[in-house]
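S.K.: My structure is in structure26.pdb, and what it holds is PDB, C-alpha atoms:
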```
ATOM      1  CA  MET A   1     -12.467 -24.757  28.249
ATOM      2  CA  LYS A   2     -15.909 -24.576  26.616
ATOM      3  CA  GLU A   3     -16.337 -25.972  23.125
ATOM      4  CA  SER A   4     -17.289 -22.560  21.734
ATOM      5  CA  THR A   5     -14.238 -20.982  23.377
ATOM      6  CA  ARG A   6     -11.983 -23.742  22.061
ATOM      7  CA  GLY A   7     -13.206 -23.099  18.529
ATOM      8  CA  GLY A   8     -12.484 -19.393  18.878
ATOM      9  CA  VAL A   9      -8.965 -20.081  20.130
ATOM     10  CA  LEU A  10      -8.304 -22.363  17.164
ATOM     11  CA  TYR A  11      -9.459 -19.672  14.756
ATOM     12  CA  ILE A  12      -7.174 -17.143  16.465
ATOM     13  CA  LEU A  13      -4.192 -19.505  16.240
ATOM     14  CA  ALA A  14      -4.924 -20.178  12.554
ATOM     15  CA  ALA A  15      -5.139 -16.436  11.884
ATOM     16  CA  ALA A  16      -1.820 -15.911  13.678
ATOM     17  CA  PHE A  17      -0.211 -18.648  11.583
ATOM     18  CA  PHE A  18      -1.405 -17.185   8.285
ATOM     19  CA  PHE A  19      -0.520 -13.641   9.378
ATOM     20  CA  GLY A  20       2.978 -14.686  10.414
ATOM     21  CA  SER A  21       3.627 -16.661   7.227
ATOM     22  CA  ALA A  22       2.598 -13.715   5.025
ATOM     23  CA  ALA A  23       5.903 -11.843   5.448
ATOM     24  CA  PRO A  24       8.299 -14.618   4.298
ATOM     25  CA  LEU A  25       6.028 -15.674   1.422
ATOM     26  CA  THR A  26       5.642 -12.077   0.273
ATOM     27  CA  LYS A  27       9.405 -11.606   0.530
ATOM     28  CA  LEU A  28       9.861 -14.430  -2.003
ATOM     29  CA  LEU A  29       7.408 -12.876  -4.452
ATOM     30  CA  LEU A  30       9.113  -9.483  -4.255
ATOM     31  CA  THR A  31      12.150 -10.943  -6.026
ATOM     32  CA  SER A  32      10.219 -10.947  -9.320
ATOM     33  CA  VAL A  33       7.319  -8.490  -8.831
ATOM     34  CA  SER A  34       7.350  -4.770  -8.033
ATOM     35  CA  PRO A  35       6.081  -3.900  -4.523
ATOM     36  CA  VAL A  36       2.967  -1.865  -5.388
ATOM     37  CA  THR A  37       2.098  -4.249  -8.211
ATOM     38  CA  LEU A  38       2.321  -7.210  -5.844
ATOM     39  CA  ALA A  39       0.126  -5.422  -3.306
ATOM     40  CA  SER A  40      -2.531  -4.783  -5.954
ATOM     41  CA  LEU A  41      -2.494  -8.411  -7.073
ATOM     42  CA  LEU A  42      -2.811  -9.715  -3.508
ATOM     43  CA  TYR A  43      -5.761  -7.509  -2.631
ATOM     44  CA  MET A  44      -7.433  -7.995  -5.993
ATOM     45  CA  GLY A  45      -7.138 -11.750  -5.592
ATOM     46  CA  SER A  46      -8.597 -11.734  -2.098
ATOM     47  CA  GLY A  47     -11.417  -9.433  -3.182
ATOM     48  CA  LEU A  48     -12.381 -11.588  -6.167
ATOM     49  CA  PHE A  49     -12.156 -14.792  -4.130
ATOM     50  CA  PHE A  50     -14.440 -13.608  -1.344
ATOM     51  CA  ALA A  51     -16.779 -11.883  -3.799
ATOM     52  CA  GLY A  52     -17.216 -15.288  -5.441
ATOM     53  CA  ILE A  53     -17.935 -16.891  -2.061
ATOM     54  CA  TRP A  54     -20.469 -14.131  -1.308
ATOM     55  CA  LEU A  55     -22.264 -14.714  -4.628
ATOM     56  CA  VAL A  56     -22.307 -18.492  -4.155
ATOM     57  CA  ARG A  57     -23.709 -18.149  -0.644
ATOM     58  CA  ARG A  58     -26.324 -15.652  -1.789
ATOM     59  CA  THR A  59     -27.399 -17.860  -4.714
ATOM     60  CA  PHE A  60     -27.298 -21.371  -3.271
ATOM     61  CA  PHE A  61     -27.487 -20.791   0.505
ATOM     62  CA  PRO A  62     -29.963 -17.917   0.940
ATOM     63  CA  THR A  63     -30.835 -18.990   4.501
ATOM     64  CA  ASN A  64     -27.261 -18.551   5.682
ATOM     65  CA  HIS A  65     -26.897 -15.391   3.638
ATOM     66  CA  VAL A  66     -29.718 -13.483   5.345
ATOM     67  CA  ARG A  67     -28.229 -14.167   8.785
ATOM     68  CA  GLU A  68     -25.428 -11.674   8.159
ATOM     69  CA  ALA A  69     -26.053  -7.933   8.403
ATOM     70  CA  PRO A  70     -25.484  -6.386   4.964
ATOM     71  CA  VAL A  71     -23.292  -3.365   4.350
ATOM     72  CA  GLU A  72     -25.347  -0.154   4.245
ATOM     73  CA  GLN A  73     -24.723   3.274   2.797
ATOM     74  CA  ARG A  74     -23.864   4.717   6.207
ATOM     75  CA  ASP A  75     -21.021   2.173   6.481
ATOM     76  CA  LEU A  76     -19.262   3.422   3.351
ATOM     77  CA  PRO A  77     -17.161   6.176   5.053
ATOM     78  CA  TRP A  78     -15.823   3.647   7.564
ATOM     79  CA  MET A  79     -15.091   1.171   4.778
ATOM     80  CA  ALA A  80     -13.322   3.862   2.765
ATOM     81  CA  GLY A  81     -11.132   4.746   5.740
ATOM     82  CA  SER A  82     -10.393   1.072   6.412
ATOM     83  CA  ALA A  83      -9.432   0.504   2.771
ATOM     84  CA  LEU A  84      -7.258   3.637   2.692
ATOM     85  CA  PHE A  85      -5.207   2.819   5.794
ATOM     86  CA  GLY A  86      -5.359  -0.988   5.725
ATOM     87  CA  SER A  87      -5.320  -1.874   2.033
ATOM     88  CA  VAL A  88      -3.418   1.012   0.423
ATOM     89  CA  LEU A  89      -1.086   2.868   2.796
ATOM     90  CA  ALA A  90      -0.146  -0.043   5.063
ATOM     91  CA  THR A  91       0.431  -2.450   2.188
ATOM     92  CA  ILE A  92       2.570  -0.058   0.154
ATOM     93  CA  VAL A  93       4.793   0.729   3.150
ATOM     94  CA  LEU A  94       5.057  -2.974   4.047
ATOM     95  CA  MET A  95       5.998  -4.075   0.520
ATOM     96  CA  ILE A  96       8.710  -1.439   0.250
ATOM     97  CA  SER A  97      10.046  -2.172   3.752
ATOM     98  CA  LEU A  98      10.220  -5.923   3.102
ATOM     99  CA  GLN A  99      12.771  -5.276   0.369
ATOM    100  CA  TYR A 100      15.240  -4.064   3.023
ATOM    101  CA  THR A 101      14.275  -6.267   5.989
ATOM    102  CA  PRO A 102      14.835 -10.013   6.564
ATOM    103  CA  ALA A 103      11.578 -11.969   6.444
ATOM    104  CA  ALA A 104      12.004 -13.419   9.957
ATOM    105  CA  THR A 105      12.613  -9.965  11.431
ATOM    106  CA  ALA A 106       9.616  -8.541   9.581
ATOM    107  CA  ALA A 107       7.330 -11.324  10.812
ATOM    108  CA  ILE A 108       8.284 -10.595  14.443
ATOM    109  CA  LEU A 109       8.050  -6.825  14.012
ATOM    110  CA  LEU A 110       4.477  -7.163  12.760
ATOM    111  CA  GLY A 111       3.597  -8.140  16.322
ATOM    112  CA  PHE A 112       3.927  -4.450  17.141
ATOM    113  CA  GLU A 113       0.451  -4.071  15.651
ATOM    114  CA  ALA A 114      -0.964  -5.038  19.062
ATOM    115  CA  VAL A 115       0.914  -2.136  20.638
ATOM    116  CA  ALA A 116      -0.245   0.334  17.986
ATOM    117  CA  THR A 117      -3.864  -0.842  18.276
ATOM    118  CA  THR A 118      -3.885  -0.518  22.062
ATOM    119  CA  LEU A 119      -2.253   2.913  22.040
ATOM    120  CA  VAL A 120      -4.787   4.348  19.609
ATOM    121  CA  ALA A 121      -7.697   2.610  21.355
ATOM    122  CA  THR A 122      -6.745   4.003  24.765
ATOM    123  CA  ILE A 123      -5.627   7.484  23.728
ATOM    124  CA  VAL A 124      -8.154   8.275  20.981
ATOM    125  CA  PHE A 125     -11.154   6.105  21.900
ATOM    126  CA  HIS A 126     -10.543   6.099  25.689
ATOM    127  CA  GLU A 127     -10.722   2.339  26.118
ATOM    128  CA  GLN A 128      -9.434   0.714  29.291
ATOM    129  CA  ALA A 129      -6.344  -1.540  29.482
ATOM    130  CA  GLY A 130      -5.148  -3.431  32.562
ATOM    131  CA  ARG A 131      -1.679  -3.884  34.009
ATOM    132  CA  ARG A 132      -1.094  -7.251  32.376
ATOM    133  CA  ILE A 133      -1.889  -5.777  28.976
ATOM    134  CA  TRP A 134       0.574  -2.935  29.464
ATOM    135  CA  LEU A 135       3.240  -5.366  30.700
ATOM    136  CA  ALA A 136       2.778  -7.542  27.618
ATOM    137  CA  LEU A 137       2.888  -4.509  25.341
ATOM    138  CA  ALA A 138       6.067  -3.312  27.031
ATOM    139  CA  CYS A 139       7.752  -6.646  26.313
ATOM    140  CA  ILE A 140       6.681  -6.459  22.661
ATOM    141  CA  THR A 141       7.966  -2.889  22.392
ATOM    142  CA  ILE A 142      11.379  -3.774  23.875
ATOM    143  CA  SER A 143      11.786  -6.705  21.471
ATOM    144  CA  CYS A 144      10.869  -4.495  18.500
ATOM    145  CA  VAL A 145      13.375  -1.820  19.592
ATOM    146  CA  VAL A 146      16.092  -4.474  19.694
ATOM    147  CA  LEU A 147      15.152  -5.700  16.218
ATOM    148  CA  THR A 148      15.052  -2.218  14.685
ATOM    149  CA  TRP A 149      18.424  -1.200  16.154
ATOM    150  CA  ASP A 150      21.115  -1.187  13.467
ATOM    151  CA  PRO A 151      24.532   0.238  14.480
ATOM    152  CA  THR A 152      25.638   0.388  10.828
ATOM    153  CA  SER A 153      22.793   2.725   9.893
ATOM    154  CA  PRO A 154      23.481   6.489  10.050
ATOM    155  CA  PHE A 155      20.285   6.899  12.099
ATOM    156  CA  GLY A 156      21.000   3.964  14.409
ATOM    157  CA  PHE A 157      17.831   2.198  13.299
ATOM    158  CA  SER A 158      16.952   0.166  10.226
ATOM    159  CA  LEU A 159      14.720   2.217   7.947
ATOM    160  CA  GLY A 160      13.083  -0.959   6.660
ATOM    161  CA  ALA A 161      12.222  -2.039  10.208
ATOM    162  CA  LEU A 162      10.859   1.414  11.005
ATOM    163  CA  GLY A 163       8.694   1.139   7.893
ATOM    164  CA  ILE A 164       7.186  -2.073   9.245
ATOM    165  CA  ILE A 165       6.494  -0.310  12.559
ATOM    166  CA  LEU A 166       4.698   2.401  10.571
ATOM    167  CA  THR A 167       2.735  -0.353   8.831
ATOM    168  CA  CYS A 168       1.582  -1.595  12.228
ATOM    169  CA  PHE A 169       0.221   1.865  13.048
ATOM    170  CA  PHE A 170      -1.655   1.944   9.741
ATOM    171  CA  TRP A 171      -3.034  -1.574  10.211
ATOM    172  CA  GLY A 172      -3.601  -1.674  13.953
ATOM    173  CA  GLY A 173      -3.804   1.919  15.003
ATOM    174  CA  ALA A 174      -5.993   3.175  12.161
ATOM    175  CA  ASP A 175      -7.540   0.247  10.277
ATOM    176  CA  THR A 176      -8.486  -1.896  13.286
ATOM    177  CA  ASN A 177      -9.969   0.987  15.240
ATOM    178  CA  ILE A 178     -11.897   2.198  12.198
ATOM    179  CA  SER A 179     -13.175  -1.311  11.408
ATOM    180  CA  ARG A 180     -14.654  -1.629  14.908
ATOM    181  CA  HIS A 181     -17.545   0.545  13.710
ATOM    182  CA  ILE A 182     -18.516  -2.011  11.053
ATOM    183  CA  SER A 183     -17.434  -5.194  12.840
ATOM    184  CA  GLY A 184     -21.042  -6.385  13.083
ATOM    185  CA  LYS A 185     -21.529  -6.450   9.319
ATOM    186  CA  ASP A 186     -21.182  -9.414   6.950
ATOM    187  CA  PRO A 187     -17.436 -10.254   7.158
ATOM    188  CA  ILE A 188     -17.281 -11.868   3.709
ATOM    189  CA  GLN A 189     -18.885  -8.844   2.092
ATOM    190  CA  LEU A 190     -16.567  -6.506   3.988
ATOM    191  CA  VAL A 191     -13.436  -8.395   2.913
ATOM    192  CA  SER A 192     -14.558  -8.596  -0.715
ATOM    193  CA  VAL A 193     -15.360  -4.870  -0.949
ATOM    194  CA  LYS A 194     -12.185  -3.903   0.890
ATOM    195  CA  GLY A 195     -10.058  -6.198  -1.262
ATOM    196  CA  LEU A 196     -11.515  -5.035  -4.580
ATOM    197  CA  SER A 197     -11.438  -1.327  -3.725
ATOM    198  CA  GLY A 198      -7.909  -1.561  -2.348
ATOM    199  CA  GLY A 199      -6.719  -3.699  -5.262
ATOM    200  CA  ILE A 200      -8.097  -1.314  -7.880
ATOM    201  CA  THR A 201      -6.576   1.701  -6.101
ATOM    202  CA  LEU A 202      -3.209  -0.012  -5.821
ATOM    203  CA  ALA A 203      -3.352  -1.036  -9.492
ATOM    204  CA  VAL A 204      -3.882   2.585 -10.513
ATOM    205  CA  ILE A 205      -0.958   3.667  -8.326
ATOM    206  CA  ALA A 206       1.261   0.917  -9.783
ATOM    207  CA  LEU A 207       0.448   2.024 -13.335
ATOM    208  CA  ALA A 208       1.070   5.668 -12.425
ATOM    209  CA  LEU A 209       4.482   4.727 -10.987
ATOM    210  CA  GLY A 210       5.298   2.705 -14.088
ATOM    211  CA  GLN A 211       5.621  -0.589 -12.207
ATOM    212  CA  PRO A 212       4.928  -3.351 -14.738
ATOM    213  CA  TYR A 213       2.857  -6.434 -14.120
ATOM    214  CA  PRO A 214       4.682  -9.783 -14.335
ATOM    215  CA  ASP A 215       4.877 -11.475 -17.713
ATOM    216  CA  LEU A 216       2.858 -14.591 -18.394
ATOM    217  CA  PRO A 217       4.712 -17.912 -18.136
ATOM    218  CA  PRO A 218       6.284 -19.019 -21.421
ATOM    219  CA  HIS A 219       3.997 -22.026 -21.810
ATOM    220  CA  SER A 220       0.903 -19.800 -21.665
ATOM    221  CA  ARG A 221       1.987 -17.756 -24.661
ATOM    222  CA  ARG A 222       1.190 -18.802 -28.197
ATOM    223  CA  ASP A 223       4.054 -20.555 -29.928
ATOM    224  CA  ASP A 224       4.357 -18.487 -33.098
ATOM    225  CA  ARG A 225       6.371 -21.126 -34.891
ATOM    226  CA  GLY A 226       3.875 -23.830 -34.013
ATOM    227  CA  TYR A 227       1.011 -21.578 -35.054
ATOM    228  CA  SER A 228       2.710 -20.901 -38.401
ATOM    229  CA  ARG A 229       3.147 -24.623 -39.003
ATOM    230  CA  PHE A 230      -0.495 -25.240 -38.138
ATOM    231  CA  ARG A 231      -1.646 -22.428 -40.419
ATOM    232  CA  GLY A 232       0.457 -23.753 -43.263
ATOM    233  CA  ASN A 233      -0.977 -27.235 -42.880
ATOM    234  CA  TYR A 234      -4.484 -25.804 -42.708
ATOM    235  CA  ASP A 235      -3.953 -23.887 -45.955
ATOM    236  CA  ASP A 236      -2.578 -27.007 -47.619
ATOM    237  CA  LEU A 237      -5.683 -28.956 -46.699
ATOM    238  CA  PHE A 238      -8.469 -26.476 -47.416
ATOM    239  CA  SER A 239      -7.217 -23.858 -49.865
ATOM    240  CA  PRO A 240      -8.854 -24.224 -53.293
ATOM    241  CA  VAL A 241      -6.322 -25.093 -56.009
ATOM    242  CA  SER A 242      -6.872 -25.017 -59.720
ATOM    243  CA  THR A 243      -6.258 -28.381 -61.402
ATOM    244  CA  GLY A 244      -6.353 -27.241 -64.976
ATOM    245  CA  PRO A 245      -8.791 -28.133 -67.750
ATOM    246  CA  GLY A 246      -9.064 -31.780 -66.602
ATOM    247  CA  CYS A 247     -11.269 -30.873 -63.668
ATOM    248  CA  ARG A 248     -14.973 -30.291 -64.384
ATOM    249  CA  THR A 249     -15.284 -27.368 -61.971
ATOM    250  CA  GLY A 250     -11.866 -25.964 -62.628
ATOM    251  CA  ARG A 251     -11.251 -25.489 -58.852
ATOM    252  CA  CYS A 252     -11.223 -28.045 -56.061
ATOM    253  CA  THR A 253      -9.390 -29.059 -52.895
ATOM    254  CA  LEU A 254      -6.324 -31.249 -53.124
ATOM    255  CA  LEU A 255      -4.913 -33.303 -50.285
ATOM    256  CA  HIS A 256      -1.297 -32.531 -49.673
ATOM    257  CA  GLN A 257       1.117 -35.295 -50.425
ATOM    258  CA  ARG A 258       2.210 -35.526 -46.765
ATOM    259  CA  TYR A 259      -1.329 -36.577 -45.807
ATOM    260  CA  SER A 260      -2.500 -38.665 -48.751
ATOM    261  CA  GLY A 261       0.793 -40.157 -49.885
ATOM    262  CA  SER A 262       0.153 -39.073 -53.463
ATOM    263  CA  LEU A 263      -1.076 -35.990 -55.264
ATOM    264  CA  SER A 264      -4.298 -36.748 -57.119
ATOM    265  CA  PRO A 265      -7.024 -34.452 -58.438
ATOM    266  CA  CYS A 266     -10.550 -34.638 -56.986
TER     267      CYS A 266
END
```
Translate the structure of the given file into structure tokens.
M.R.:
Amino acid sequence: MKESTRGGVLYILAAAFFFGSAAPLTKLLLTSVSPVTLASLLYMGSGLFFAGIWLVRRTFFPTNHVREAPVEQRDLPWMAGSALFGSVLATIVLMISLQYTPAATAAILLGFEAVATTLVATIVFHEQAGRRIWLALACITISCVVLTWDPTSPFGFSLGALGIILTCFFWGGADTNISRHISGKDPIQLVSVKGLSGGITLAVIALALGQPYPDLPPHSRRDDRGYSRFRGNYDDLFSPVSTGPGCRTGRCTLLHQRYSGSLSPC
């Protein structure tokens, strides 16, 4: 295997690892955060992170920055479609479906994205697929049918699992095939724009649905009692106090007895 090919394989394996671990980690967060709110936070975070990387590269590494093709005005419709299907619709359906689907099952079902991508690519965009590809896709489809089958459900299938299958069509069938038109552009810029636009849209939807954002941790809030004690001590130290006719100015600052050990006029 060539060194360049080996590097590409490692990147693909790393992407598969992060993609597969997303479902169980997201499942944990859904116990305390509303689904659409969590989706907005995830995409907003990714958008801000990669926007920061883009600015750092543009400022301090201009040589590397100019190597990437920038996003142009003609790319905006494709980016809007990618953000709509990939960032908004797919993420909302996935977050809701994860509430009713075990994390391990969801992680395996997300493999159906390959099937959805190939179906749309061959039917809509008339791309070619060989026998081995169809055989592999058939195996994935059979495994997903087994996982979605639920004899206790009135429909015979788990609605949560079917929602994840729908997510795969949004991500793979629509988003991936739309993104192919802008795949040659700067990837960091694409991710940052897609993350910020999707995060803002999801935040608006979350507010419209009345889904609250998580509260700040207790230690990050101001301790009102501690603030009151500090304010009281501050007033004791610096508030002007009249000392009567014995003081030449009539007003001066006294040190509180707790600090000076005695109460004496200035």
S.K.: Can you pull out every residue within 9 Å of Asp175 (chain A), counting all atoms listed in the file, but drop anything in the same chain fewer than 6 positions away, and send it as a count of residues only?
M.R.: 9
S.K.: Here's the selection I'm unsure about, the PyMOL selection byres ((chain A and resi 34) around 9); applied to the file above, which residues does it give, as a ChimeraX atom specification?
M.R.: /A:29-33,35-39,95,206,211-214
S.K.: Give me, please, the distance in Å between CA of Ile205 (chain A) and CA of Phe155 (chain A), quoted to one decimal.
M.R.: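 Distance between the two atoms: 29.6 Å.
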S.K.: Since I can't run it myself right now, could you work out what the PyMOL selection byres ((chain A and resi 70-74) around 8) selects here and report it as a PyMOL selection string?
M.R.: chain A and resi 68-69+75-77+185-186+189-190
S.K.: Can you tell me which residues surround Leu147 (chain A) at a distance of at most 9 Å, considering all atoms listed in the file, apart from same-chain residues fewer than 4 positions away, and format the answer as a list in words?
M.R.: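 Once the adjacent positions are removed, what remains is Thr105, Ile108, Leu109, Ile142, Ser143, Phe157, Ser158 and Ala161 of chain A.
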S.K.: Which residues, named as in the file, does the PyMOL selection byres ((chain A and resi 118) around 12) pick out? Answer as a PyMOL selection string.
M.R.: chain A and resi 112-117+119-130+133-134+136-138+168-169+171-174+176-177
S.K.: Pick out the closest residue to Ser46 (chain A) from this set: A:Leu209, A:Leu196, A:Ile12, A:Ala203. Count all atoms listed in the file.
M.R.: A:Leu196
S.K.: When you draw a straight line from CA of Gly20 (chain A) to CA of Ala107 (chain A), how long is it in Å?
M.R.: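 So the two atoms, CA of Gly20 (chain A) and CA of Ala107 (chain A), lie 5.5 Å apart.
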S.K.: Which one is closest to Thr101 (chain A): A:Pro62, A:Pro24, A:Pro151, A:Gly52? Count all atoms listed in the file.
M.R.: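 Among A:Pro62, A:Pro24, A:Pro151, A:Gly52, it is A:Pro24 that comes nearest to Thr101 (chain A).
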S.K.: May I ask for the distance between CA of Ala90 (chain A) and CA of Ser40 (chain A), given in Å to one decimal place?
M.R.: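 Rounded to one decimal, the two atoms are 12.2 Å apart.
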S.K.: With all atoms listed in the file as the atoms that count, which of A:Phe19, A:Leu25, A:Arg132, A:Trp78 lies nearest to His181 (chain A)?
M.R.: A:Trp78
